[in-house]
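Undergrad: File name data-v8.pdb; file contents PDB, C-alpha atoms, pLDDT in the B column; full text below.
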```
ATOM      1  CA  MET A   1       0.000   0.000   0.000  1.00 64.00           C
ATOM      2  CA  PRO A   2       1.576   3.350  -0.994  1.00 76.00           C
ATOM      3  CA  THR A   3       2.457   5.848   1.725  1.00 86.00           C
ATOM      4  CA  PRO A   4       0.000   8.772   1.728  1.00 95.00           C
ATOM      5  CA  ARG A   5       1.772  11.814   0.368  1.00 97.00           C
ATOM      6  CA  LEU A   6       0.892  13.788   3.502  1.00 98.00           C
ATOM      7  CA  TYR A   7       3.514  11.734   5.346  1.00 98.00           C
ATOM      8  CA  ASP A   8       6.069  11.864   2.550  1.00 97.00           C
ATOM      9  CA  ASP A   9       6.729  14.694   0.104  1.00 97.00           C
ATOM     10  CA  LEU A  10       3.804  16.787   1.429  1.00 98.00           C
ATOM     11  CA  ALA A  11       4.739  16.460   5.118  1.00 98.00           C
ATOM     12  CA  TYR A  12       5.659  20.147   5.164  1.00 97.00           C
ATOM     13  CA  LEU A  13       1.904  20.868   4.987  1.00 98.00           C
ATOM     14  CA  TRP A  14       1.170  19.126   8.293  1.00 97.00           C
ATOM     15  CA  PRO A  15       1.540  22.201  10.565  1.00 96.00           C
ATOM     16  CA  LEU A  16      -1.022  23.994   8.396  1.00 96.00           C
ATOM     17  CA  LEU A  17      -3.387  21.071   7.958  1.00 96.00           C
ATOM     18  CA  SER A  18      -3.484  20.209  11.678  1.00 96.00           C
ATOM     19  CA  PRO A  19      -2.034  23.084  13.750  1.00 96.00           C
ATOM     20  CA  PRO A  20      -0.426  22.334  17.137  1.00 96.00           C
ATOM     21  CA  GLU A  21      -2.900  24.538  19.002  1.00 95.00           C
ATOM     22  CA  HIS A  22      -5.696  22.137  18.044  1.00 94.00           C
ATOM     23  CA  TYR A  23      -4.164  19.555  20.395  1.00 94.00           C
ATOM     24  CA  ALA A  24      -4.240  21.517  23.668  1.00 94.00           C
ATOM     25  CA  ALA A  25      -7.597  20.197  24.915  1.00 91.00           C
ATOM     26  CA  GLU A  26      -6.757  16.606  23.991  1.00 91.00           C
ATOM     27  CA  THR A  27      -3.447  16.837  25.830  1.00 92.00           C
ATOM     28  CA  ALA A  28      -5.224  18.067  28.946  1.00 91.00           C
ATOM     29  CA  THR A  29      -7.348  14.907  28.757  1.00 91.00           C
ATOM     30  CA  VAL A  30      -4.212  12.762  28.500  1.00 93.00           C
ATOM     31  CA  ARG A  31      -2.782  14.350  31.644  1.00 91.00           C
ATOM     32  CA  ARG A  32      -6.015  13.865  33.594  1.00 91.00           C
ATOM     33  CA  VAL A  33      -6.363  10.227  32.537  1.00 92.00           C
ATOM     34  CA  ILE A  34      -2.773   9.356  33.425  1.00 93.00           C
ATOM     35  CA  ASP A  35      -3.086  11.030  36.838  1.00 91.00           C
ATOM     36  CA  ALA A  36      -6.416   9.277  37.471  1.00 92.00           C
ATOM     37  CA  ARG A  37      -4.952   5.844  36.678  1.00 92.00           C
ATOM     38  CA  MET A  38      -1.483   6.270  38.219  1.00 91.00           C
ATOM     39  CA  GLY A  39      -1.969   9.032  40.794  1.00 86.00           C
ATOM     40  CA  PRO A  40      -0.236  12.420  40.588  1.00 83.00           C
ATOM     41  CA  ALA A  41       3.502  12.349  39.991  1.00 84.00           C
ATOM     42  CA  ALA A  42       5.693  12.859  43.020  1.00 85.00           C
ATOM     43  CA  PRO A  43       7.103  16.380  43.482  1.00 87.00           C
ATOM     44  CA  GLY A  44      10.033  16.869  41.140  1.00 85.00           C
ATOM     45  CA  GLN A  45       9.281  13.649  39.235  1.00 89.00           C
ATOM     46  CA  ARG A  46       8.763  13.634  35.482  1.00 92.00           C
ATOM     47  CA  ARG A  47       6.859  10.703  34.075  1.00 95.00           C
ATOM     48  CA  THR A  48       7.756   9.169  30.714  1.00 96.00           C
ATOM     49  CA  VAL A  49       5.605   8.892  27.603  1.00 97.00           C
ATOM     50  CA  LEU A  50       6.175   7.021  24.346  1.00 98.00           C
ATOM     51  CA  GLU A  51       3.957   8.121  21.469  1.00 98.00           C
ATOM     52  CA  LEU A  52       3.599   5.542  18.704  1.00 98.00           C
ATOM     53  CA  GLY A  53       2.863   7.175  15.359  1.00 98.00           C
ATOM     54  CA  ALA A  54       3.770  10.579  16.788  1.00 98.00           C
ATOM     55  CA  GLY A  55       3.901  12.264  13.387  1.00 97.00           C
ATOM     56  CA  GLY A  56       4.603  15.981  13.682  1.00 97.00           C
ATOM     57  CA  GLY A  57       4.662  15.843  17.475  1.00 98.00           C
ATOM     58  CA  HIS A  58       1.756  18.191  18.087  1.00 97.00           C
ATOM     59  CA  THR A  59       0.447  16.271  21.102  1.00 96.00           C
ATOM     60  CA  LEU A  60       3.934  15.967  22.557  1.00 98.00           C
ATOM     61  CA  HIS A  61       4.376  19.713  22.127  1.00 97.00           C
ATOM     62  CA  TYR A  62       2.155  20.106  25.183  1.00 97.00           C
ATOM     63  CA  LEU A  63       3.034  16.931  27.048  1.00 96.00           C
ATOM     64  CA  ARG A  64       6.759  17.712  27.029  1.00 96.00           C
ATOM     65  CA  GLU A  65       6.132  20.436  29.600  1.00 93.00           C
ATOM     66  CA  ASP A  66       5.518  17.742  32.237  1.00 91.00           C
ATOM     67  CA  PHE A  67       6.766  14.472  30.712  1.00 96.00           C
ATOM     68  CA  ASP A  68       9.968  13.111  29.238  1.00 97.00           C
ATOM     69  CA  CYS A  69       8.769  12.127  25.761  1.00 98.00           C
ATOM     70  CA  VAL A  70       9.867   9.828  22.948  1.00 98.00           C
ATOM     71  CA  ALA A  71       8.281  10.072  19.490  1.00 98.00           C
ATOM     72  CA  LEU A  72       8.229   7.020  17.222  1.00 98.00           C
ATOM     73  CA  ASP A  73       6.967   7.186  13.653  1.00 98.00           C
ATOM     74  CA  LEU A  74       7.476   5.423  10.344  1.00 97.00           C
ATOM     75  CA  SER A  75       7.854   8.738   8.485  1.00 98.00           C
ATOM     76  CA  GLU A  76      11.179  10.570   8.736  1.00 98.00           C
ATOM     77  CA  PRO A  77       9.687  13.725   7.111  1.00 98.00           C
ATOM     78  CA  MET A  78       7.008  13.848   9.836  1.00 98.00           C
ATOM     79  CA  LEU A  79       9.610  13.342  12.557  1.00 98.00           C
ATOM     80  CA  ALA A  80      11.554  16.249  11.055  1.00 98.00           C
ATOM     81  CA  ASN A  81       8.465  18.373  11.776  1.00 98.00           C
ATOM     82  CA  CYS A  82       8.444  16.983  15.315  1.00 98.00           C
ATOM     83  CA  ARG A  83      12.077  17.878  15.910  1.00 98.00           C
ATOM     84  CA  ALA A  84      11.559  21.406  14.592  1.00 98.00           C
ATOM     85  CA  LEU A  85       8.652  21.926  16.999  1.00 98.00           C
ATOM     86  CA  ASN A  86      10.029  19.929  19.938  1.00 98.00           C
ATOM     87  CA  PRO A  87      13.838  19.985  19.935  1.00 97.00           C
ATOM     88  CA  ASP A  88      13.956  18.338  23.363  1.00 97.00           C
ATOM     89  CA  VAL A  89      11.897  15.277  22.320  1.00 98.00           C
ATOM     90  CA  GLU A  90      13.754  12.109  21.286  1.00 98.00           C
ATOM     91  CA  THR A  91      12.648  10.802  17.884  1.00 98.00           C
ATOM     92  CA  VAL A  92      12.873   7.234  16.563  1.00 98.00           C
ATOM     93  CA  VAL A  93      12.022   5.990  13.074  1.00 98.00           C
ATOM     94  CA  GLY A  94      10.109   2.743  13.467  1.00 98.00           C
ATOM     95  CA  ASP A  95       6.962   0.729  12.797  1.00 98.00           C
ATOM     96  CA  MET A  96       4.513   0.703  15.697  1.00 98.00           C
ATOM     97  CA  ARG A  97       3.759  -2.954  14.978  1.00 98.00           C
ATOM     98  CA  THR A  98       7.310  -4.173  15.467  1.00 98.00           C
ATOM     99  CA  ALA A  99       9.358  -1.540  17.308  1.00 98.00           C
ATOM    100  CA  ARG A 100      11.140  -2.582  20.483  1.00 98.00           C
ATOM    101  CA  LEU A 101      13.175   0.107  22.245  1.00 98.00           C
ATOM    102  CA  GLY A 102      14.329  -2.069  25.135  1.00 98.00           C
ATOM    103  CA  ARG A 103      12.881   0.190  27.852  1.00 97.00           C
ATOM    104  CA  THR A 104       9.573   0.901  29.527  1.00 97.00           C
ATOM    105  CA  PHE A 105       7.502   4.037  29.979  1.00 97.00           C
ATOM    106  CA  ASP A 106       4.782   5.190  32.340  1.00 97.00           C
ATOM    107  CA  ALA A 107       2.399   5.719  29.438  1.00 97.00           C
ATOM    108  CA  VAL A 108       2.110   4.857  25.753  1.00 98.00           C
ATOM    109  CA  LEU A 109      -0.008   7.144  23.586  1.00 98.00           C
ATOM    110  CA  ILE A 110      -1.371   6.283  20.154  1.00 98.00           C
ATOM    111  CA  HIS A 111      -3.325   9.168  18.666  1.00 95.00           C
ATOM    112  CA  ASP A 112      -5.055   8.922  15.289  1.00 94.00           C
ATOM    113  CA  ALA A 113      -2.033   7.145  13.777  1.00 97.00           C
ATOM    114  CA  ILE A 114      -3.815   4.014  15.003  1.00 98.00           C
ATOM    115  CA  ASP A 115      -6.204   4.622  12.081  1.00 98.00           C
ATOM    116  CA  TYR A 116      -3.578   3.172   9.747  1.00 98.00           C
ATOM    117  CA  MET A 117      -3.783  -0.229  11.391  1.00 98.00           C
ATOM    118  CA  THR A 118      -6.289  -1.720   8.954  1.00 98.00           C
ATOM    119  CA  THR A 119      -6.574  -5.327  10.164  1.00 98.00           C
ATOM    120  CA  ALA A 120      -7.053  -7.001  13.519  1.00 98.00           C
ATOM    121  CA  ASP A 121      -3.557  -8.454  13.146  1.00 98.00           C
ATOM    122  CA  ASP A 122      -2.138  -4.928  12.734  1.00 98.00           C
ATOM    123  CA  VAL A 123      -3.955  -3.761  15.854  1.00 98.00           C
ATOM    124  CA  ARG A 124      -2.883  -6.771  17.900  1.00 98.00           C
ATOM    125  CA  ALA A 125       0.757  -6.283  16.877  1.00 98.00           C
ATOM    126  CA  THR A 126       0.554  -2.610  17.885  1.00 98.00           C
ATOM    127  CA  LEU A 127      -0.991  -3.515  21.237  1.00 98.00           C
ATOM    128  CA  ASP A 128       1.857  -5.978  21.796  1.00 98.00           C
ATOM    129  CA  THR A 129       4.288  -3.129  21.154  1.00 98.00           C
ATOM    130  CA  ALA A 130       2.483  -0.960  23.689  1.00 98.00           C
ATOM    131  CA  ALA A 131       2.514  -3.735  26.281  1.00 98.00           C
ATOM    132  CA  ALA A 132       6.209  -4.389  25.694  1.00 98.00           C
ATOM    133  CA  HIS A 133       6.979  -0.759  26.600  1.00 98.00           C
ATOM    134  CA  LEU A 134       4.875  -0.611  29.783  1.00 97.00           C
ATOM    135  CA  ALA A 135       5.573  -1.986  33.223  1.00 91.00           C
ATOM    136  CA  PRO A 136       2.576  -3.481  35.090  1.00 92.00           C
ATOM    137  CA  GLY A 137       0.283  -0.596  36.015  1.00 94.00           C
ATOM    138  CA  GLY A 138       1.407   1.458  33.013  1.00 96.00           C
ATOM    139  CA  VAL A 139      -1.251   3.186  30.928  1.00 97.00           C
ATOM    140  CA  VAL A 140      -1.952   3.012  27.201  1.00 98.00           C
ATOM    141  CA  LEU A 141      -4.207   5.624  25.573  1.00 97.00           C
ATOM    142  CA  ILE A 142      -5.553   4.907  22.088  1.00 97.00           C
ATOM    143  CA  ALA A 143      -7.681   7.348  20.118  1.00 96.00           C
ATOM    144  CA  PRO A 144      -9.063   6.047  16.811  1.00 96.00           C
ATOM    145  CA  THR A 145     -10.772   8.796  14.862  1.00 95.00           C
ATOM    146  CA  TYR A 146     -13.876   6.667  14.291  1.00 94.00           C
ATOM    147  CA  THR A 147     -15.422   3.448  15.499  1.00 95.00           C
ATOM    148  CA  ALA A 148     -17.705   1.272  13.414  1.00 96.00           C
ATOM    149  CA  ASP A 149     -20.541   1.933  15.889  1.00 93.00           C
ATOM    150  CA  ALA A 150     -20.817   5.594  14.891  1.00 91.00           C
ATOM    151  CA  PHE A 151     -19.075   6.004  11.553  1.00 95.00           C
ATOM    152  CA  PRO A 152     -20.101   9.323   9.919  1.00 96.00           C
ATOM    153  CA  GLU A 153     -20.545   8.153   6.327  1.00 98.00           C
ATOM    154  CA  HIS A 154     -19.869  10.989   3.852  1.00 98.00           C
ATOM    155  CA  GLU A 155     -18.531  13.364   6.512  1.00 98.00           C
ATOM    156  CA  THR A 156     -16.707  16.315   4.975  1.00 98.00           C
ATOM    157  CA  GLU A 157     -14.312  18.961   6.245  1.00 97.00           C
ATOM    158  CA  GLN A 158     -12.702  21.965   4.625  1.00 98.00           C
ATOM    159  CA  ASP A 159     -10.468  24.848   5.657  1.00 97.00           C
ATOM    160  CA  HIS A 160      -7.897  27.327   4.422  1.00 97.00           C
ATOM    161  CA  ARG A 161      -4.662  28.301   6.162  1.00 97.00           C
ATOM    162  CA  ALA A 162      -1.509  30.086   5.103  1.00 97.00           C
ATOM    163  CA  ASN A 163       1.889  31.203   6.305  1.00 95.00           C
ATOM    164  CA  ASP A 164       4.657  33.239   4.646  1.00 95.00           C
ATOM    165  CA  ASP A 165       5.696  30.311   2.436  1.00 95.00           C
ATOM    166  CA  VAL A 166       2.557  28.464   1.402  1.00 97.00           C
ATOM    167  CA  ALA A 167      -1.237  28.727   1.284  1.00 97.00           C
ATOM    168  CA  LEU A 168      -3.262  25.540   1.740  1.00 98.00           C
ATOM    169  CA  THR A 169      -6.928  24.973   1.069  1.00 98.00           C
ATOM    170  CA  TYR A 170      -8.023  21.425   1.770  1.00 98.00           C
ATOM    171  CA  PHE A 171     -11.138  19.273   1.552  1.00 98.00           C
ATOM    172  CA  GLY A 172     -11.565  16.016   3.443  1.00 98.00           C
ATOM    173  CA  TYR A 173     -14.145  13.306   2.781  1.00 98.00           C
ATOM    174  CA  VAL A 174     -14.628   9.957   4.551  1.00 98.00           C
ATOM    175  CA  HIS A 175     -16.654   6.981   3.383  1.00 98.00           C
ATOM    176  CA  ASP A 176     -16.812   3.224   3.856  1.00 98.00           C
ATOM    177  CA  PRO A 177     -16.614   1.546   0.434  1.00 97.00           C
ATOM    178  CA  ASP A 178     -17.165  -1.948   1.873  1.00 97.00           C
ATOM    179  CA  PRO A 179     -19.010  -2.218   5.219  1.00 95.00           C
ATOM    180  CA  ALA A 180     -18.103  -5.919   5.323  1.00 96.00           C
ATOM    181  CA  ASP A 181     -14.392  -5.241   5.853  1.00 97.00           C
ATOM    182  CA  THR A 182     -12.440  -3.358   8.550  1.00 98.00           C
ATOM    183  CA  THR A 183     -11.457  -0.258   6.599  1.00 98.00           C
ATOM    184  CA  PHE A 184     -12.714   3.131   5.545  1.00 98.00           C
ATOM    185  CA  GLU A 185     -11.237   5.640   3.127  1.00 98.00           C
ATOM    186  CA  LEU A 186     -10.202   9.232   3.791  1.00 98.00           C
ATOM    187  CA  ILE A 187      -9.808  11.317   0.643  1.00 98.00           C
ATOM    188  CA  LEU A 188      -7.942  14.600   0.987  1.00 98.00           C
ATOM    189  CA  LEU A 189      -7.766  17.201  -1.758  1.00 98.00           C
ATOM    190  CA  TYR A 190      -5.114  19.886  -1.345  1.00 98.00           C
ATOM    191  CA  ILE A 191      -5.034  23.169  -3.233  1.00 98.00           C
ATOM    192  CA  ILE A 192      -1.485  24.401  -2.700  1.00 98.00           C
ATOM    193  CA  LYS A 193      -0.163  27.847  -3.585  1.00 98.00           C
ATOM    194  CA  GLN A 194       3.575  28.160  -3.095  1.00 94.00           C
ATOM    195  CA  PRO A 195       4.352  31.011  -2.685  1.00 94.00           C
ATOM    196  CA  PRO A 196       0.919  32.031  -1.327  1.00 93.00           C
ATOM    197  CA  THR A 197       0.391  34.379  -4.261  1.00 92.00           C
ATOM    198  CA  GLY A 198       1.576  31.855  -6.850  1.00 91.00           C
ATOM    199  CA  PRO A 199      -0.305  29.443  -9.111  1.00 96.00           C
ATOM    200  CA  ALA A 200      -2.496  26.736  -7.562  1.00 97.00           C
ATOM    201  CA  THR A 201      -1.628  23.043  -7.614  1.00 97.00           C
ATOM    202  CA  VAL A 202      -4.330  20.458  -6.871  1.00 98.00           C
ATOM    203  CA  VAL A 203      -3.311  17.147  -5.276  1.00 98.00           C
ATOM    204  CA  GLU A 204      -5.489  14.129  -4.406  1.00 98.00           C
ATOM    205  CA  ASP A 205      -4.280  12.004  -1.478  1.00 98.00           C
ATOM    206  CA  ARG A 206      -6.136   8.799  -0.506  1.00 97.00           C
ATOM    207  CA  HIS A 207      -5.751   7.157   2.906  1.00 98.00           C
ATOM    208  CA  THR A 208      -6.978   3.641   3.720  1.00 98.00           C
ATOM    209  CA  CYS A 209      -7.735   3.420   7.440  1.00 98.00           C
ATOM    210  CA  GLY A 210      -8.932   0.836   9.951  1.00 98.00           C
ATOM    211  CA  LEU A 211     -12.464   0.713  11.346  1.00 98.00           C
ATOM    212  CA  PHE A 212     -13.431  -1.463  14.325  1.00 97.00           C
ATOM    213  CA  SER A 213     -16.304  -1.508  16.811  1.00 96.00           C
ATOM    214  CA  VAL A 214     -15.909  -0.402  20.424  1.00 95.00           C
ATOM    215  CA  GLN A 215     -16.417  -4.011  21.479  1.00 96.00           C
ATOM    216  CA  ALA A 216     -13.734  -5.225  19.066  1.00 97.00           C
ATOM    217  CA  TRP A 217     -11.289  -2.679  20.473  1.00 97.00           C
ATOM    218  CA  ALA A 218     -12.104  -3.678  24.049  1.00 97.00           C
ATOM    219  CA  THR A 219     -11.652  -7.360  23.255  1.00 97.00           C
ATOM    220  CA  MET A 220      -8.338  -6.870  21.468  1.00 98.00           C
ATOM    221  CA  MET A 221      -6.984  -4.720  24.288  1.00 98.00           C
ATOM    222  CA  HIS A 222      -8.110  -7.184  26.950  1.00 97.00           C
ATOM    223  CA  ASP A 223      -6.480 -10.037  25.041  1.00 97.00           C
ATOM    224  CA  ALA A 224      -3.250  -8.009  24.939  1.00 97.00           C
ATOM    225  CA  GLY A 225      -3.206  -7.825  28.736  1.00 97.00           C
ATOM    226  CA  PHE A 226      -4.962  -4.527  29.464  1.00 97.00           C
ATOM    227  CA  ASP A 227      -7.858  -3.625  31.733  1.00 97.00           C
ATOM    228  CA  VAL A 228      -9.889  -1.397  29.402  1.00 96.00           C
ATOM    229  CA  ASP A 229     -12.192   1.619  29.679  1.00 94.00           C
ATOM    230  CA  TRP A 230     -13.850   3.625  26.900  1.00 92.00           C
ATOM    231  CA  HIS A 231     -13.251   7.222  27.973  1.00 86.00           C
ATOM    232  CA  GLU A 232     -15.435   9.950  26.478  1.00 82.00           C
ATOM    233  CA  GLU A 233     -15.064  13.710  26.881  1.00 75.00           C
ATOM    234  CA  PRO A 234     -16.263  16.619  24.734  1.00 71.00           C
ATOM    235  CA  ALA A 235     -12.750  17.186  23.405  1.00 68.00           C
ATOM    236  CA  TRP A 236     -11.812  13.571  22.814  1.00 78.00           C
ATOM    237  CA  SER A 237     -12.876   9.956  23.036  1.00 83.00           C
ATOM    238  CA  LEU A 238     -10.281   7.247  23.624  1.00 93.00           C
ATOM    239  CA  PHE A 239      -9.632   3.781  24.936  1.00 97.00           C
ATOM    240  CA  VAL A 240      -7.649   3.637  28.169  1.00 97.00           C
ATOM    241  CA  GLY A 241      -5.872   0.444  29.134  1.00 97.00           C
ATOM    242  CA  VAL A 242      -3.911  -0.340  32.279  1.00 97.00           C
ATOM    243  CA  ARG A 243      -1.391  -3.117  31.865  1.00 96.00           C
ATOM    244  CA  GLN A 244      -2.295  -6.064  34.078  1.00 90.00           C
TER     245      GLN A 244
END
```
Take the structure in the file and give it back as structure tokens.
TA:
Amino acid sequence: MPTPRLYDDLAYLWPLLSPPEHYAAETATVRRVIDARMGPAAPGQRRTVLELGAGGGHTLHYLREDFDCVALDLSEPMLANCRALNPDVETVVGDMRTARLGRTFDAVLIHDAIDYMTTADDVRATLDTAAAHLAPGGVVLIAPTYTADAFPEHETEQDHRANDDVALTYFGYVHDPDPADTTFELILLYIIKQPPTGPATVVEDRHTCGLFSVQAWATMMHDAGFDVDWHEEPAWSLFVGVRQ
């Protein structure tokens, strides 16, 4: 399956497409959940977080204030964005299904990068990676964009943003071509003007993503050795697992 261009030659668009400030409320949820499951950190103690599929590091941009963070992602261009935004965050190129860093963390976070795990085997391998990097009592937080229980067929999104170098107008569309399988498709159309006053280039970028029910997620996480809760807040919904 080809790599979506957003994570390859178009990775420079990521800060415009999904600005860091959009992650502040979600990060506050992460902090609250970790404290609720593990108790507040001791005075002067910094907990550790590994984000699998960290991409441009926008969630870690806020977490790094209180946590020692490691960002793992398959895309070197996205990790370059992460390093530019978060120079104090360690970055590792790796596949969330197979990576083994040889150390454990207090928490493992998998934001919407989990969407690219398109089969149950992919998800189970990723959960094994999370478990391998957590001591008993450690917390995993997983936030798929959609579940099969409430998939918003034909949902659309559009916006326009610009900086001194580039102007981006984008349209997003999600649909489920085959409800019998475990995937949906995200189609992104980018209208890029570089420089912002220059001619417009139109790019189509298709993303095949995984789609599982809440019950399927809970079962897979339990089988991987986690006690599981489905945590819902206005800013974010996510699965929370504590390693048994």
Undergrad: Applied to the shown file, which residues does the PyMOL selection byres ((chain A and resi 4-19) around 7) return, written as a PyMOL selection string?
TA: chain A and resi 2-3+20-22+75+77-78+161-162+205-207
Undergrad: Find the spatial neighbours of A:Gly138, counting all atoms listed in the file, within a cut-off of 10 Å - ignore same-chain residues fewer than 4 positions away - and output them as a PyMOL selection string.
TA: chain A and resi 34+37-38+104-108+130-131+133-134+226+241-244
Undergrad: To verify the selection step, state as a list of chain:residue names which residues the PyMOL selection byres ((chain A and resi 220) around 12) yields on this input.
TA: A:Thr119, A:Ala120, A:Asp121, A:Asp122, A:Val123, A:Arg124, A:Ala125, A:Thr126, A:Leu127, A:Asp128, A:Phe212, A:Ser213, A:Val214, A:Gln215, A:Ala216, A:Trp217, A:Ala218, A:Thr219, A:Met221, A:His222, A:Asp223, A:Ala224, A:Gly225, A:Phe226, A:Asp227, A:Val228, A:Phe239, A:Gly241
Undergrad: Nearest residue to A:Tyr23 out of A:His154, A:Ala71, A:Glu90, A:Asp112, using all atoms listed in the file?
TA: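 Selected residue with least distance to A:Tyr23: A:Asp112.
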Undergrad: Quick one: which residues end up in the PyMOL selection byres ((chain A and resi 73) around 7) for this structure, as a list of chain:residue names?
TA: A:Leu52, A:Gly53, A:Ala54, A:Gly55, A:Ala71, A:Leu72, A:Leu74, A:Ser75, A:Leu79, A:Val92, A:Val93, A:Gly94, A:Asp95
Undergrad: Compile the contact shell of A:Pro234 as a PyMOL selection string: residues with an atom at most 10 Å away, counting all atoms listed in the file, same-chain residues fewer than 3 positions apart removed.
TA: chain A and resi 25-26+29+237
Undergrad: Please determine, counting all atoms listed in the file, which residue among A:Pro87, A:Gly210, A:Pro177, A:Gly172 has the shortest atom-to-atom distance to A:Gly56.
TA: A:Pro87
Undergrad: Please report the interatomic distance between atom CA of A:Val240 and atom CA of A:Glu51 in Å with one decimal.
TA: 14.1 Å
Undergrad: What gap, in Å, lies between atom CA of A:Val30 and atom CA of A:Glu157?
TA: 25.2 Å
Undergrad: Under the rule that only C-alpha atoms are counted, which of A:Cys82, A:Ile191, A:Leu186, A:Ala150 is the nearest residue to A:Tyr170?
TA: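 Among the listed residues, A:Ile191 lies closest to A:Tyr170.
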Undergrad: Kindly give the distance, in Å, that separates atom CA of A:Ala42 and atom CA of A:Phe67, rounded to a single decimal.
TA: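 So the answer is 12.5 Å.
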Undergrad: List the residues sitting within 8 Å of (-1.5, 29.9, -2.2) in the file's frame, using only C-alpha atoms, as a ChimeraX atom specification.
TA: /A:162,166-168,191-200
